[in-house]
Number of protein chains: 2
Amino acid sequence: MELYEGIITRRSIRRYADRKISQDIIEMLIKAGMYAPSASNQQPWHFIVITERNILDKIKDVHPYAKMLGNAQLAILVCGDEDLELSKGYWVVDCSAATQNMLLAAHSLGLGAVWLGVHPRAERKKEIRNIFDLPENIQPLSLISIGYPDEQRNTPERFKKDRIHYNTW
Amino acid sequence: MELYEGIITRRSIRRYADRKISQDIIEMLIKAGMYAPSASNQQPWHFIVITERNILDKIKDVHPYAKMLGNAQLAILVCGDEDLELSKGYWVVDCSAATQNMLLAAHSLGLGAVWLGVHPRAERKKEIRNIFDLPENIQPLSLISIGYPDEQRNTPERFKKDRIHYNTW
């Protein structure tokens, strides 16, 4: 798939086929996240690969928009590590760029994926932190639900000229 | 360029050739940003295209890592609009995903680009806010410096197996 076209045709996919995702593909997804840019190139991220059914179900119970995990093969929790930061607070931005790279990588590999927001919702962060027993310095940013797609979604029109300004507000 | 390969080979490019970027290409870059996912699909973003030399130079004077704007053809300021949000605070995450899409789009179009951090640095946000006279609800997230590349950068090894965890921290 061509890069620019892939950016435009990526959609949030919430229905998945009953087909396993190989370890090689899982590592390719995470590698894509690790090639995002980051503040001072500090790469302040960790990734928790979740394949156990009971953990996926636990997340479904505490996250209000995570129903699709019921038929996902896999979720990946993207976390920022505050101890790895030189510039305080950029982990949010860095881990968001990593998440977007992984969504695009999933699309390129024939997978479907959707971004579930965790940060900045304090209550969701607390529940996720409890499930994975995260250390203090580890901040959950997003969950990516992933599987081979069992739905096809068209590309909507999203270009809005009125959001573009030239040289001034 | 192939999507997965493009994700891996994108680098921060800070040296640019003296070659103009067409209006069509500028709109393609911003369109790529507009196809990022966003919380509740609210697309809470605005883009200020900066081509005037005196404004690029003003930014260079207030941002400590913006020297490359001296030879950039173009910068794009990515902003979040708090009034467009249903879920408060997600503009940071949404606009970061949009920024990453635009960096990848630049790569696919043969351009070079680099992400200059603005949010969450309060002092930089204030200076940028002043230059563009941004309304209260408009939050600057990032600046993207863009031009046709005048440097080539190899792909470093960034895959770190020790950042991957399975089913638990």
# chains A, B, ... in the order shown; residues from 1 in each chain; ligands from 1
>>> residues_around(residues="Glu157 of chain B", least_positions_apart="6", cutoff="10 Å", atoms="only C-alpha atoms", output="compact mmCIF listing (two decimals) with N, CA and C atoms, in the first residue's frame")
# COMPACT_ATOMS: atom_id res chain seq x y z
N LYS A 31 7.43 -2.14 16.34
CA LYS A 31 8.57 -1.48 15.72
C LYS A 31 8.14 -0.16 15.06
N MET A 34 7.95 2.45 17.52
CA MET A 34 9.27 2.87 17.99
C MET A 34 10.00 3.77 16.99
N TYR A 35 9.47 3.88 15.76
CA TYR A 35 10.07 4.78 14.77
C TYR A 35 9.36 6.14 14.70
N ILE B 8 9.06 3.58 8.68
CA ILE B 8 10.38 3.25 9.23
C ILE B 8 11.47 4.20 8.72
>>> closest_atom_pairs(of="chain B", to="chain A", cutoff="8 Å", atoms="only C-alpha atoms", output="Markdown table")
| residue | atom | partner | partner_atom | distance |
| --- | --- | --- | --- | --- |
| B:Met1 | CA | A:Glu2 | CA | 5.6 |
| B:Glu2 | CA | A:Glu2 | CA | 4.6 |
| B:Leu3 | CA | A:Leu3 | CA | 3.8 |
| B:Tyr4 | CA | A:Ala105 | CA | 5.7 |
| B:Gly6 | CA | A:Leu3 | CA | 6.3 |
| B:Ile7 | CA | A:Ala32 | CA | 6.4 |
| B:Ile8 | CA | A:Tyr35 | CA | 5.8 |
| B:Arg11 | CA | A:Pro37 | CA | 7.8 |
| B:Ser12 | CA | A:Pro37 | CA | 7.6 |
| B:Lys31 | CA | A:Phe159 | CA | 5.6 |
| B:Ala32 | CA | A:Ile8 | CA | 6.3 |
| B:Met34 | CA | A:Phe159 | CA | 6.2 |
| B:Tyr35 | CA | A:Ile8 | CA | 5.8 |
| B:Ala36 | CA | A:Ile7 | CA | 7.8 |
| B:Pro37 | CA | A:Ser12 | CA | 7.6 |
| B:Ala39 | CA | A:Gly117 | CA | 7.3 |
| B:Trp45 | CA | A:Arg163 | CA | 7.1 |
| B:His46 | CA | A:Arg163 | CA | 4.8 |
| B:Phe47 | CA | A:Ile164 | CA | 5.0 |
| B:Ile48 | CA | A:His165 | CA | 4.6 |
| B:Val49 | CA | A:Tyr166 | CA | 4.8 |
| B:Ile50 | CA | A:Asn167 | CA | 4.6 |
| B:Thr51 | CA | A:Asn167 | CA | 6.6 |
| B:Glu52 | CA | A:Asn167 | CA | 6.7 |
| B:Ile55 | CA | A:Asn167 | CA | 7.4 |
| B:Gly89 | CA | A:Pro120 | CA | 6.5 |
| B:Tyr90 | CA | A:Pro120 | CA | 6.9 |
| B:Val92 | CA | A:Val93 | CA | 6.9 |
| B:Val93 | CA | A:Ser96 | CA | 5.6 |
| B:Asp94 | CA | A:Ser96 | CA | 7.9 |
| B:Ser96 | CA | A:Val93 | CA | 5.6 |
| B:Ala97 | CA | A:Ala97 | CA | 5.4 |
| B:Thr99 | CA | A:Ala97 | CA | 7.8 |
| B:Gln100 | CA | A:Ala97 | CA | 5.5 |
| B:Asn101 | CA | A:Ile7 | CA | 6.7 |
| B:Leu104 | CA | A:Leu3 | CA | 7.7 |
| B:Ala105 | CA | A:Tyr4 | CA | 5.7 |
| B:Ser108 | CA | A:Tyr4 | CA | 6.0 |
| B:Leu109 | CA | A:Tyr4 | CA | 7.9 |
| B:Trp115 | CA | A:Pro37 | CA | 7.8 |
| B:Gly117 | CA | A:Ala39 | CA | 7.3 |
| B:His119 | CA | A:Tyr90 | CA | 8.0 |
| B:Pro120 | CA | A:Gly89 | CA | 6.5 |
| B:Phe132 | CA | A:Thr168 | CA | 5.3 |
| B:Asp133 | CA | A:Trp169 | CA | 6.7 |
| B:Leu134 | CA | A:Trp169 | CA | 6.3 |
| B:Arg158 | CA | A:Met34 | CA | 6.3 |
| B:Phe159 | CA | A:Lys31 | CA | 5.6 |
| B:Lys160 | CA | A:Met34 | CA | 7.9 |
| B:Arg163 | CA | A:His46 | CA | 4.8 |
| B:Ile164 | CA | A:Phe47 | CA | 5.0 |
| B:His165 | CA | A:Ile48 | CA | 4.6 |
| B:Tyr166 | CA | A:Val49 | CA | 4.9 |
| B:Asn167 | CA | A:Ile50 | CA | 4.6 |
| B:Thr168 | CA | A:Phe132 | CA | 5.3 |
| B:Trp169 | CA | A:Phe132 | CA | 5.8 |
>>> atom_distance(atom1="atom CA of Gly112 of chain A", atom2="atom CA of Ala17 of chain A")
9.8 Å
>>> select_by_dssp(residues="segment 9-116 of chain A", states="strand (DSSP E)", output="number ranges by chain")
A: 45-50, 74-81, 112-116
>>> closest_residue(among="B:Leu143, B:Ala122, B:Leu69, B:Leu84", to="Arg14 of chain B", atoms="only C-alpha atoms")
B:Leu69
>>> select_by_dssp(residues="chain A", states="alpha helix (DSSP H)", output="ChimeraX atom specification")
/A:3-9,23-34,53-62,91-108,122-132
